[in-house]
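Have a look at coords-v9.cif; it's mmCIF, C-alpha atoms and all ligand atoms:
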```
data_final
loop_
_atom_site.label_atom_id
_atom_site.label_comp_id
_atom_site.auth_asym_id
_atom_site.auth_seq_id
_atom_site.Cartn_x
_atom_site.Cartn_y
_atom_site.Cartn_z
CA MET C 1 6.48 14.08 -11.77
CA ASN C 2 9.82 14.84 -13.36
CA GLN C 3 10.83 11.45 -14.75
CA ALA C 4 14.52 12.30 -15.27
CA LEU C 5 14.85 13.64 -11.73
CA LEU C 6 13.10 10.65 -10.16
CA SER C 7 15.22 8.28 -12.22
CA SER C 8 18.42 9.99 -11.09
CA LEU C 9 17.45 9.53 -7.43
CA LEU C 10 16.80 5.79 -7.61
CA VAL C 11 19.52 3.61 -6.14
CA GLY C 12 17.80 0.20 -6.01
CA GLU C 13 18.83 -2.75 -8.11
CA ARG C 14 15.57 -3.39 -9.84
CA LEU C 15 12.78 -0.93 -9.17
CA GLY C 16 12.32 1.83 -11.68
CA ARG C 17 15.01 0.68 -14.11
CA ARG C 18 12.03 1.02 -16.43
CA LEU C 19 10.13 4.13 -15.40
CA GLU C 20 7.11 5.77 -17.01
CA CYS C 21 5.74 9.03 -15.55
CA TYR C 22 2.47 10.35 -17.00
CA PRO C 23 0.58 13.59 -16.37
CA ALA C 24 -2.68 11.61 -16.39
CA LEU C 25 -3.82 8.00 -16.65
CA ALA C 26 -7.05 6.19 -15.88
CA SER C 27 -5.05 4.12 -13.37
CA THR C 28 -1.33 3.44 -13.07
CA GLY C 29 -2.38 -0.17 -12.46
CA ASP C 30 -3.77 -0.42 -15.99
CA ARG C 31 -0.52 0.76 -17.60
CA ALA C 32 1.53 -1.59 -15.40
CA ARG C 33 -0.77 -4.45 -16.45
CA GLU C 34 -0.17 -3.56 -20.12
CA LEU C 35 3.59 -3.72 -19.53
CA LEU C 36 3.24 -7.16 -17.92
CA ASP C 37 1.10 -8.39 -20.80
CA GLN C 38 3.56 -7.03 -23.40
CA LEU C 39 6.89 -7.81 -21.74
CA GLY C 40 6.17 -10.71 -19.40
CA PRO C 41 8.98 -11.30 -16.87
CA ALA C 42 11.03 -8.43 -18.40
CA ALA C 43 8.47 -6.02 -16.90
CA HIS C 44 9.48 -7.05 -13.36
CA GLY C 45 10.35 -3.90 -11.40
CA ALA C 46 8.88 -1.43 -13.90
CA VAL C 47 7.32 1.61 -12.21
CA VAL C 48 4.45 3.71 -13.56
CA THR C 49 3.43 7.02 -11.98
CA ALA C 50 0.62 9.46 -12.77
CA ASP C 51 0.07 13.02 -11.53
CA ARG C 52 -3.66 12.45 -11.97
CA GLN C 53 -5.79 9.31 -12.19
CA THR C 54 -9.24 9.50 -13.68
CA ALA C 55 -10.28 6.02 -12.52
CA GLY C 56 -8.03 5.25 -9.55
CA ARG C 57 -8.92 2.00 -7.81
CA GLY C 58 -8.84 1.19 -4.11
CA ARG C 59 -9.32 -2.07 -2.24
CA MET C 60 -12.76 -3.66 -2.03
CA GLY C 61 -13.82 -2.12 -5.34
CA ARG C 62 -13.61 1.42 -3.99
CA THR C 63 -12.57 4.53 -5.89
CA TRP C 64 -9.18 6.04 -5.02
CA HIS C 65 -9.01 9.82 -5.34
CA THR C 66 -5.77 11.17 -6.78
CA ALA C 67 -5.84 14.93 -6.51
CA PRO C 68 -3.94 16.37 -9.49
CA GLY C 69 -0.39 17.18 -8.44
CA LYS C 70 -1.22 16.59 -4.76
CA SER C 71 -0.96 12.84 -4.44
CA LEU C 72 1.59 10.21 -5.26
CA ALA C 73 0.12 7.44 -7.40
CA LEU C 74 2.41 4.71 -8.58
CA THR C 75 2.29 1.06 -9.52
CA VAL C 76 5.13 -1.43 -9.57
CA ALA C 77 4.87 -4.29 -12.08
CA LEU C 78 6.06 -7.60 -10.63
CA TRP C 79 6.74 -10.98 -12.18
CA PRO C 80 7.87 -12.76 -9.08
CA GLY C 81 8.33 -16.36 -10.21
CA THR C 82 6.22 -19.29 -9.27
CA ASP C 83 6.40 -19.60 -5.49
CA PRO C 84 3.30 -17.83 -4.19
CA ALA C 85 4.42 -17.99 -0.53
CA GLY C 86 5.54 -14.38 -0.44
CA PHE C 87 2.75 -12.87 -2.54
CA GLY C 88 0.58 -12.24 0.51
CA VAL C 89 3.14 -10.03 2.19
CA LEU C 90 3.98 -7.88 -0.86
CA PRO C 91 1.39 -5.26 0.18
CA LEU C 92 2.80 -5.25 3.70
CA ALA C 93 6.28 -4.65 2.25
CA ALA C 94 4.84 -1.68 0.37
CA ALA C 95 3.13 -0.31 3.48
CA LEU C 96 6.41 -0.59 5.40
CA ALA C 97 8.26 1.27 2.64
CA VAL C 98 5.62 4.02 2.73
CA GLN C 99 5.93 4.24 6.49
CA GLU C 100 9.70 4.56 6.25
CA SER C 101 9.55 7.24 3.56
CA LEU C 102 6.95 9.16 5.58
CA ALA C 103 9.33 9.15 8.53
CA GLU C 104 11.80 11.07 6.32
CA THR C 105 9.17 13.82 6.03
CA GLY C 106 8.64 13.96 9.78
CA VAL C 107 5.34 12.03 9.70
CA THR C 108 5.00 9.13 12.14
CA ALA C 109 2.58 6.58 10.75
CA LEU C 110 1.36 3.14 11.83
CA LEU C 111 -0.03 0.22 9.85
CA LYS C 112 -3.64 -0.89 9.88
CA TRP C 113 -4.04 -4.52 8.84
CA PRO C 114 -3.68 -5.61 6.14
CA ASN C 115 -1.83 -2.70 4.55
CA ASP C 116 -3.27 0.74 5.23
CA VAL C 117 -0.99 3.46 6.52
CA LEU C 118 -2.52 5.65 9.22
CA VAL C 119 -1.65 8.74 11.17
CA GLY C 120 -3.78 8.53 14.27
CA GLN C 121 -7.10 7.21 12.94
CA ARG C 122 -6.71 8.90 9.54
CA LYS C 123 -5.50 7.16 6.42
CA ILE C 124 -2.53 8.72 4.64
CA ALA C 125 -1.74 5.94 2.16
CA GLY C 126 -3.16 2.74 0.74
CA VAL C 127 -1.81 -0.26 -1.16
CA LEU C 128 -3.52 -2.41 -3.76
CA LEU C 129 -2.17 -5.75 -5.02
CA GLU C 130 -3.79 -7.12 -8.16
CA GLY C 131 -2.79 -10.26 -10.02
CA ARG C 132 -3.66 -12.40 -12.97
CA PHE C 133 -3.59 -16.15 -12.60
CA SER C 134 -4.53 -19.14 -14.71
CA GLY C 135 -4.69 -22.15 -12.47
CA ASP C 136 -1.48 -22.12 -10.44
CA GLU C 137 0.35 -20.04 -13.00
CA GLN C 138 0.73 -16.31 -12.38
CA HIS C 139 0.96 -13.77 -15.18
CA GLY C 140 2.31 -10.88 -13.20
CA LEU C 141 1.17 -8.80 -10.26
CA THR C 142 0.68 -5.08 -9.91
CA LEU C 143 1.44 -3.39 -6.63
CA GLY C 144 -0.22 0.02 -6.48
CA ILE C 145 0.58 2.65 -3.88
CA GLY C 146 -1.31 5.88 -3.29
CA VAL C 147 -0.07 8.51 -0.83
CA ASN C 148 -1.82 11.75 0.07
CA VAL C 149 0.93 14.35 -0.17
CA SER C 150 -0.16 17.99 -0.22
CA GLN C 151 -3.93 18.13 0.22
CA SER C 152 -5.26 20.34 2.97
CA ARG C 153 -8.05 18.71 5.00
CA GLU C 154 -10.69 20.77 3.12
CA GLU C 155 -9.45 19.50 -0.23
CA PHE C 156 -10.44 15.89 0.42
CA PRO C 157 -13.84 14.82 -0.93
CA GLU C 158 -16.43 15.33 1.78
CA GLU C 159 -17.13 11.63 2.27
CA ILE C 160 -13.53 10.95 3.35
CA ARG C 161 -12.66 14.30 4.93
CA ASP C 162 -12.80 12.95 8.48
CA LEU C 163 -10.98 9.75 7.56
CA ALA C 164 -8.06 10.99 5.47
CA THR C 165 -4.92 12.99 6.00
CA SER C 166 -1.84 14.03 4.02
CA ILE C 167 1.82 14.76 4.61
CA PHE C 168 1.04 18.49 4.41
CA ALA C 169 -1.84 18.22 6.91
CA GLU C 170 0.42 16.37 9.35
CA ALA C 171 3.81 17.97 8.89
CA GLY C 172 2.82 21.45 7.69
CA ALA C 173 5.26 21.15 4.78
CA VAL C 174 5.30 19.42 1.44
CA PRO C 175 8.25 17.23 0.41
CA GLU C 176 9.65 17.38 -3.08
CA LEU C 177 7.56 14.74 -4.85
CA GLU C 178 10.48 13.15 -6.70
CA ARG C 179 12.55 12.90 -3.48
CA PHE C 180 9.63 11.37 -1.62
CA ALA C 181 8.87 8.89 -4.42
CA ALA C 182 12.56 7.95 -4.63
CA ASP C 183 12.80 7.40 -0.86
CA LEU C 184 9.74 5.16 -1.10
CA LEU C 185 11.02 3.13 -4.05
CA ASN C 186 14.53 2.87 -2.59
CA ALA C 187 13.04 1.48 0.63
CA LEU C 188 10.70 -0.81 -1.29
CA ASP C 189 13.33 -2.40 -3.54
CA PRO C 190 15.02 -4.58 -0.87
CA LEU C 191 11.72 -5.12 0.98
CA LEU C 192 10.13 -6.69 -2.11
CA ALA C 193 13.05 -9.07 -2.52
CA GLU C 194 12.79 -9.93 1.18
CA ALA C 195 9.01 -10.46 0.91
CA LEU C 196 9.50 -13.01 -1.86
CA ALA C 197 12.49 -14.79 -0.35
CA ALA C 198 11.55 -14.71 3.34
CA PRO C 199 7.99 -13.45 3.89
CA ALA C 200 8.03 -14.10 7.62
CA SER C 201 10.95 -11.71 8.10
CA VAL C 202 8.91 -8.86 6.57
CA VAL C 203 6.10 -9.67 8.99
CA GLU C 204 8.65 -9.67 11.81
CA ARG C 205 9.92 -6.28 10.69
CA ALA C 206 6.36 -4.92 10.93
CA ARG C 207 6.02 -6.03 14.53
CA GLY C 208 5.54 -3.00 16.76
CA ARG C 209 4.49 -0.86 13.80
CA TRP C 210 0.80 -1.87 13.83
CA ALA C 211 -1.90 0.54 14.93
CA HIS C 212 -3.50 -2.43 16.73
CA ARG C 213 -2.45 -3.54 20.17
CA VAL C 214 -2.58 -7.15 21.30
CA GLY C 215 -5.89 -7.76 23.08
CA GLN C 216 -7.60 -4.80 21.41
CA PRO C 217 -11.20 -5.49 20.30
CA LEU C 218 -11.58 -5.55 16.50
CA THR C 219 -14.52 -5.69 14.15
CA LEU C 220 -13.63 -7.22 10.80
CA GLN C 221 -15.52 -7.22 7.55
CA VAL C 222 -14.72 -10.43 5.66
CA GLY C 223 -16.72 -10.40 2.43
CA THR C 224 -20.29 -9.93 3.58
CA ALA C 225 -19.61 -11.40 7.03
CA ARG C 226 -18.73 -9.47 10.17
CA ARG C 227 -16.29 -11.02 12.60
CA GLU C 228 -15.55 -9.82 16.09
CA GLY C 229 -12.62 -10.66 18.30
CA ARG C 230 -9.41 -9.35 19.74
CA PHE C 231 -6.16 -8.63 17.94
CA ALA C 232 -3.70 -11.43 18.66
CA GLY C 233 -0.97 -10.41 16.22
CA VAL C 234 -0.08 -11.07 12.60
CA GLY C 235 1.00 -14.55 11.46
CA PRO C 236 4.10 -15.36 9.37
CA GLY C 237 2.18 -15.14 6.07
CA GLY C 238 0.71 -11.73 6.92
CA GLU C 239 -2.62 -13.16 8.14
CA LEU C 240 -4.44 -11.43 10.99
CA LEU C 241 -4.68 -13.52 14.14
CA LEU C 242 -8.08 -12.96 15.71
CA GLU C 243 -8.81 -14.24 19.18
CA THR C 244 -12.42 -15.37 19.50
CA GLU C 245 -14.27 -17.60 21.94
CA ARG C 246 -13.30 -20.51 19.64
CA GLY C 247 -9.60 -19.74 20.01
CA VAL C 248 -7.18 -17.89 17.74
CA GLU C 249 -8.27 -17.87 14.10
CA ALA C 250 -6.23 -16.80 11.07
CA VAL C 251 -7.95 -14.28 8.80
CA HIS C 252 -6.33 -14.00 5.38
CA SER C 253 -8.32 -11.17 3.84
CA GLY C 254 -10.80 -8.59 4.98
CA GLU C 255 -10.91 -5.19 6.49
CA VAL C 256 -10.75 -3.92 10.03
CA SER C 257 -13.89 -1.83 10.08
CA ARG C 258 -13.45 -0.53 13.59
CA LEU C 259 -10.43 -0.02 15.78
CA GLY C 260 -11.63 -0.60 19.29
CA PRO C 261 -10.23 1.10 22.39
CA GLY C 262 -6.49 0.67 22.77
CA GLY C 263 -5.64 1.27 19.11
CA ALA C 264 -3.99 4.22 17.49
CA PRO C 265 -4.71 7.38 19.45
C1 LIG C 301 -6.70 1.29 -0.83
O1 LIG C 301 -6.29 1.63 0.28
O2 LIG C 301 -7.91 1.12 -1.04
C2 LIG C 301 -5.70 1.09 -1.93
C3 LIG C 301 -5.43 2.35 -2.69
C4 LIG C 301 -4.43 2.15 -3.80
C5 LIG C 301 -4.33 3.37 -4.69
C6 LIG C 301 -3.23 3.25 -5.69
S1 LIG C 301 -2.85 4.80 -6.45
C7 LIG C 301 -1.83 4.00 -7.58
C8 LIG C 301 -2.52 2.72 -7.98
N1 LIG C 301 -3.47 2.98 -9.05
C9 LIG C 301 -4.72 2.75 -8.68
O3 LIG C 301 -5.71 2.88 -9.43
N2 LIG C 301 -4.77 2.36 -7.40
C10 LIG C 301 -3.44 2.29 -6.83
#
```
Represent the structure from my file as structure tokens, please.
Amino acid sequence: MNQALLSSLLVGERLGRRLECYPALASTGDRARELLDQLGPAAHGAVVTADRQTAGRGRMGRTWHTAPGKSLALTVALWPGTDPAGFGVLPLAAALAVQESLAETGVTALLKWPNDVLVGQRKIAGVLLEGRFSGDEQHGLTLGIGVNVSQSREEFPEEIRDLATSIFAEAGAVPELERFAADLLNALDPLLAEALAAPASVVERARGRWAHRVGQPLTLQVGTARREGRFAGVGPGGELLLETERGVEAVHSGEVSRLGPGGAP
């Protein structure tokens, strides 16, 4: 990533005013965490990118593969103040920004709750929010975003080959990485502010962009438990509304392990 070029393309008020682009890091999340620990609130909005991650992290303790020069891996450091109301929708704001920047490349993507970005049934991008808290006090959050950019299908590790896709695999062309990253960050800047000030309006914005359809059967993994029900929408705090025989229940974290019939084609 050409840091000077990316910097010149950023138009947002906050994001990327401090920008660090590395050829390789263990994880961009680790460097963003260091910035938060060193700078405290002054790190808010700092962006770290890496062309290659040697220990990229995904949700649920999974590994995230960042193919050298073929993926976008970035983390935004956030010090969002004390009101935690909007924290839960920060990843959704990121997924929406990814979806909007993908549209600029000709790729139509949908969101899989809570914050995966899919093309059809294949994942093209993921978001990871990590935070440090002591009691009610937060010491900064890191919002990591990984997008598959120019891998061909064969280049994905075998275990995810049938589950993953990239901009190149979908659109047949590769965007300039700096332009794509700038579009993403420029879309994310106002969305993050909106998520913190008015979380429900970010959820409202996502309406109609989910891969799930109301009434669609879902299987959810919540910790070690499996939950079954039907998609009944997403609540104002970003929680999944699951219709079961006991009524509509709010699920705050977990993973949709199966999209039943009626979901993304
Ligand atoms: C997921 O869908 O499991 C989340 C994937 C998040 C990957 C990004 S890449 C940039 C940042 N650094 C990491 O180690 N992980 C996130």
Check your understanding: Between atom CA of C:Val248 and atom C3 of ligand LIG 301 (chain C), what is the spacing in Å?
Key ->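 Separation between atom C3 of ligand LIG 301 (chain C) and atom CA of C:Val248: 28.8 Å.
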Review point. In Å to one decimal, how far is atom CA of C:Val256 from atom CA of C:Val203?
Key: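 Calculated distance between atom CA of C:Val203 and atom CA of C:Val256 is 17.8 Å.
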Check your understanding: Counting all atoms listed in the file, which of C:Glu255, C:Glu228, C:Glu178, C:Asp136 gets nearest to C:Ala73?
Key ->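 Ranked by minimum distance to C:Ala73, first place goes to C:Glu178.
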Exercise for review: Please identify every polymer residue within 6 Å of ligand LIG 301 (chain C), using only C-alpha atoms and all ligand atoms, and present the set as a list in words.
Suggested key: Ser27, Thr28, Gly29, Gly56, Arg57, Gly58, Arg59, Trp64, Ala73, Leu74, Thr75, Asp116, Gly126, Val127, Leu128, Gly144, Ile145 and Gly146 of chain C
Check your understanding: Which neighbours of C:Leu72 fall inside 10 Å, counting only C-alpha atoms, when residues of the same chain fewer than 3 positions from it are skipped, and could you give them as a ChimeraX atom specification?
Key -> /C:1,49-52,66-69,125,145-150,177-178,180-181
Review point. With all atoms listed in the file as the atoms that count, which of C:Gly45, C:Pro80, C:Gly106, C:Gly40 lies nearest to C:Asp189?
Key: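 Of C:Gly45, C:Pro80, C:Gly106, C:Gly40, the one nearest C:Asp189, counting all atoms listed in the file, is C:Gly45.
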Practice item. May I ask which of the residues C:Gly140, C:Lys123, C:Gly172, C:Asn2 is the closest one to C:Ala211, counting all atoms listed in the file? Key: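 Nearest to C:Ala211: C:Lys123.
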Check your understanding: Any idea what's packed within 10 Å of C:Trp113, counting only C-alpha atoms, ignoring anything in its chain fewer than 3 positions away? Could you give it as a list in words?
Key ->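 Answer for this query is Leu92, Ala95, Leu110, Asp116, Val117, Trp210, Ala211, His212, Gly233, Val234, Gly238, Glu239, Leu240, Ser253, Gly254, Glu255 and Val256 of chain C.
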Exercise for review: Find, counting all atoms listed in the file, the residue in C:Arg33, C:His65, C:Arg179, C:His252 that gets nearest to C:Pro157.
Suggested key: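 Ranking C:Arg33, C:His65, C:Arg179, C:His252 by distance to C:Pro157, first place goes to C:His65.
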Practice item. Rank C:Glu176, C:Asp37, C:Glu204, C:Asp30 by their smallest atom-to-atom distance to C:Ala55, using all atoms listed in the file, and report the top residue only. Key: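 Smallest distance to C:Ala55 is found for C:Asp30.
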